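Notes for the one structure printed next.
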Amino acid sequence: MPIRPENKHRYPADWQAIRVRILERAGYRCEHPGCQARHRQLGYWRDDKWVPLPRALRDAGVDKPTVIACADGSMLKVIRIVLTIAHLDHTPEHCDETNLRAWCQRHHLRYDARHHVATAWRTRHAAAGTGDLFGAEPSAHAGAHLGQTALGGQALLSGQSDRAGVDLGAA
Ligand SMILES: [Zn+2]
């Protein structure tokens, strides 16, 4: 989840270098088992699997996050993957590489939600002042709805703002 302002001082001074090192270790792909979503890649989620933007959509001019109305009436939400660095133990000071994972929005949020239920309300209330962890993307509110719905699965991610880059699925 985004770095809360009150936690910013807990990150080491060389955090940006650490972040790049972990991204490079990951080959700029999400390290969640089976995900492999590539940093900055466009695509969409279908049945909880990442689908890189098909050639046909690229040829049709899709070159940024958007929502496409499909012929069957469903909506296809194209997002851009932004890898962020997670601390497995949720301790910003603990930057041993074994404690860090490069994860896409979906897998980072899911992990944090499962382990941060007790503090989810703080994230909601602090969302306005965050934004570091998700880089340049305007996705500071990614964690805003955590804890309001059932944890895990699609329900967790429903209701996320578009700016979070989290797909709602084509269903
Ligand atoms: Zn992922």
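If you're wondering about the labels, chains in the structure tokens are A, B, ... by order shown, residues count from 1 in each chain, ligands from 1 in order shown.
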
Contacts of ligand 1, 12 Å or closer, only C-alpha atoms and all ligand atoms, given as a compact mmCIF listing (two decimals) with C-alpha atoms, in the first residue's frame:
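Heads up, here's the output in selection_2.txt:
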# COMPACT_ATOMS: atom_id res chain seq x y z
CA ALA A 26 12.41 -9.39 -10.59
CA TYR A 28 10.61 -5.95 -13.98
CA ARG A 29 7.89 -8.56 -13.66
CA CYS A 30 5.54 -9.13 -10.73
CA GLU A 31 7.11 -11.67 -8.37
CA HIS A 32 3.80 -13.06 -7.21
CA PRO A 33 3.78 -16.74 -8.22
CA GLY A 34 2.24 -17.14 -11.64
CA CYS A 35 1.64 -13.44 -12.26
CA GLN A 36 4.56 -12.25 -14.39
CA ALA A 37 2.88 -8.95 -15.23
CA ARG A 38 5.54 -6.65 -16.62
CA HIS A 39 6.25 -3.17 -15.26
CA GLN A 41 2.76 -3.05 -19.46
CA TYR A 44 -6.25 -6.48 -18.40
CA TRP A 45 -7.24 -9.05 -15.80
CA ASP A 48 -7.56 -13.38 -12.09
CA LYS A 49 -4.96 -13.91 -14.82
CA TRP A 50 -3.01 -11.04 -16.33
CA VAL A 51 -3.51 -10.69 -20.06
CA ARG A 80 -1.09 -0.23 -16.90
CA ILE A 81 0.93 -2.39 -14.52
CA VAL A 82 2.96 -0.50 -11.94
CA LEU A 83 5.27 -2.66 -9.87
CA THR A 84 5.75 -1.54 -6.30
CA ILE A 85 7.93 -2.95 -3.55
CA ALA A 86 6.26 -4.76 -0.68
CA ARG A 101 8.90 -8.33 -3.26
CA ALA A 102 8.22 -6.50 -6.50
CA TRP A 103 4.50 -6.84 -7.00
CA CYS A 104 1.84 -5.44 -9.28
CA GLN A 105 -1.00 -3.37 -7.85
CA ARG A 106 -3.31 -6.34 -7.53
CA HIS A 107 -0.95 -8.60 -5.65
CA HIS A 108 0.46 -5.89 -3.44
CA LEU A 109 -2.97 -4.70 -2.40
CA ARG A 110 -4.20 -8.21 -1.82
CA TYR A 111 -1.25 -9.08 0.40
CA VAL A 166 -7.06 -2.02 -10.67

Would you give me, as JSON lines, each residue of stretch 27-67 of chain A having an atom within 7 Å of an atom of stretch 72-79 of chain A, along with its shortest atom pair and that distance in Å to one decimal, using only C-alpha atoms and sorting by chain and residue number?
{"residue": "A:Leu42", "atom": "CA", "partner": "A:Ile79", "partner_atom": "CA", "distance": 5.6}
{"residue": "A:Gly43", "atom": "CA", "partner": "A:Val78", "partner_atom": "CA", "distance": 5.3}
{"residue": "A:Tyr44", "atom": "CA", "partner": "A:Val78", "partner_atom": "CA", "distance": 5.0}
{"residue": "A:Pro65", "atom": "CA", "partner": "A:Ile79", "partner_atom": "CA", "distance": 4.5}
{"residue": "A:Thr66", "atom": "CA", "partner": "A:Val78", "partner_atom": "CA", "distance": 5.1}
{"residue": "A:Val67", "atom": "CA", "partner": "A:Lys77", "partner_atom": "CA", "distance": 4.4}

Residues as selected, N, CA and C atoms, written as a PDB file, in the first residue's frame, can you do that?
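The new file again-v4.pdb reads:
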ATOM      1  N   LEU A  42       0.673  -2.616 -20.581  1.00  0.00           N
ATOM      2  CA  LEU A  42      -0.780  -2.476 -20.692  1.00  0.00           C
ATOM      3  C   LEU A  42      -1.410  -3.857 -20.832  1.00  0.00           C
ATOM      4  N   GLY A  43      -2.611  -3.989 -20.322  1.00  0.00           N
ATOM      5  CA  GLY A  43      -3.320  -5.252 -20.445  1.00  0.00           C
ATOM      6  C   GLY A  43      -4.548  -5.238 -19.558  1.00  0.00           C
ATOM      7  N   TYR A  44      -5.060  -6.407 -19.253  1.00  0.00           N
ATOM      8  CA  TYR A  44      -6.246  -6.476 -18.401  1.00  0.00           C
ATOM      9  C   TYR A  44      -6.254  -7.802 -17.640  1.00  0.00           C
ATOM     10  N   PRO A  65      -4.288   3.336 -20.472  1.00  0.00           N
ATOM     11  CA  PRO A  65      -5.406   2.754 -19.726  1.00  0.00           C
ATOM     12  C   PRO A  65      -6.735   3.329 -20.189  1.00  0.00           C
ATOM     13  N   THR A  66      -7.698   2.455 -20.359  1.00  0.00           N
ATOM     14  CA  THR A  66      -8.997   2.884 -20.859  1.00  0.00           C
ATOM     15  C   THR A  66     -10.022   1.795 -20.570  1.00  0.00           C
ATOM     16  N   VAL A  67     -11.262   2.100 -20.832  1.00  0.00           N
ATOM     17  CA  VAL A  67     -12.313   1.099 -20.704  1.00  0.00           C
ATOM     18  C   VAL A  67     -12.941   0.913 -22.076  1.00  0.00           C
TER      19      VAL A  67
END

List as a short mmCIF file (atom, residue, chain, number, x, y, z; two decimals) with C-alpha atoms, in the first residue's frame the protein and nucleic acid residues near A:Ile18, meaning an atom at most 10 Å away when only C-alpha atoms are counted, but skip any in the same chain fewer than 6 places from it.
data_model
loop_
_atom_site.label_atom_id
_atom_site.label_comp_id
_atom_site.auth_asym_id
_atom_site.auth_seq_id
_atom_site.Cartn_x
_atom_site.Cartn_y
_atom_site.Cartn_z
CA PRO A 12 16.12 4.04 4.54
CA GLU A 24 15.94 -5.63 -11.47
CA ILE A 85 7.93 -2.95 -3.55
CA CYS A 95 14.91 -3.89 3.72
CA ASP A 96 16.70 -7.18 3.56
CA GLU A 97 16.11 -8.49 0.07
CA LEU A 100 11.05 -7.44 -0.26
#

Subject >> Backbone-only DSSP, strand (DSSP E) members of stretch 1-140 of chain A, as an NGL selection string >> reply: :A and (42-46 or 49-52 or 66-69 or 75-80 or 84-87 or 100-103)

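The coordinates place atom CA of A:Leu57 at 27.5 Å from atom CA of A:Leu23.
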
Could you find all residues in stretch 26-113 of chain A that DSSP calls helix (DSSP H, G or I) from the backbone, and write them as an mmCIF file with C-alpha atoms, in the first residue's frame?
data_model
loop_
_atom_site.group_PDB
_atom_site.id
_atom_site.type_symbol
_atom_site.label_atom_id
_atom_site.label_comp_id
_atom_site.auth_asym_id
_atom_site.auth_seq_id
_atom_site.Cartn_x
_atom_site.Cartn_y
_atom_site.Cartn_z
ATOM 1 C CA ARG A 55 -2.086 -7.095 -30.744
ATOM 2 C CA ALA A 56 -5.533 -6.438 -32.161
ATOM 3 C CA LEU A 57 -6.200 -3.820 -29.507
ATOM 4 C CA ARG A 58 -2.814 -2.219 -30.035
ATOM 5 C CA ASP A 59 -3.499 -2.083 -33.738
ATOM 6 C CA GLU A 97 16.111 -8.488 0.068
ATOM 7 C CA THR A 98 14.429 -11.597 1.434
ATOM 8 C CA ASN A 99 11.790 -9.330 2.954
ATOM 9 C CA GLN A 105 -0.998 -3.370 -7.847
ATOM 10 C CA ARG A 106 -3.308 -6.338 -7.528
ATOM 11 C CA HIS A 107 -0.951 -8.596 -5.646
ATOM 12 C CA HIS A 108 0.460 -5.887 -3.442
ATOM 13 C CA LEU A 109 -2.968 -4.701 -2.397
ATOM 14 C CA ARG A 110 -4.197 -8.207 -1.819
ATOM 15 C CA TYR A 111 -1.254 -9.082 0.399
ATOM 16 C CA ASP A 112 -1.483 -5.904 2.386
ATOM 17 C CA ALA A 113 -5.227 -6.230 2.838
#
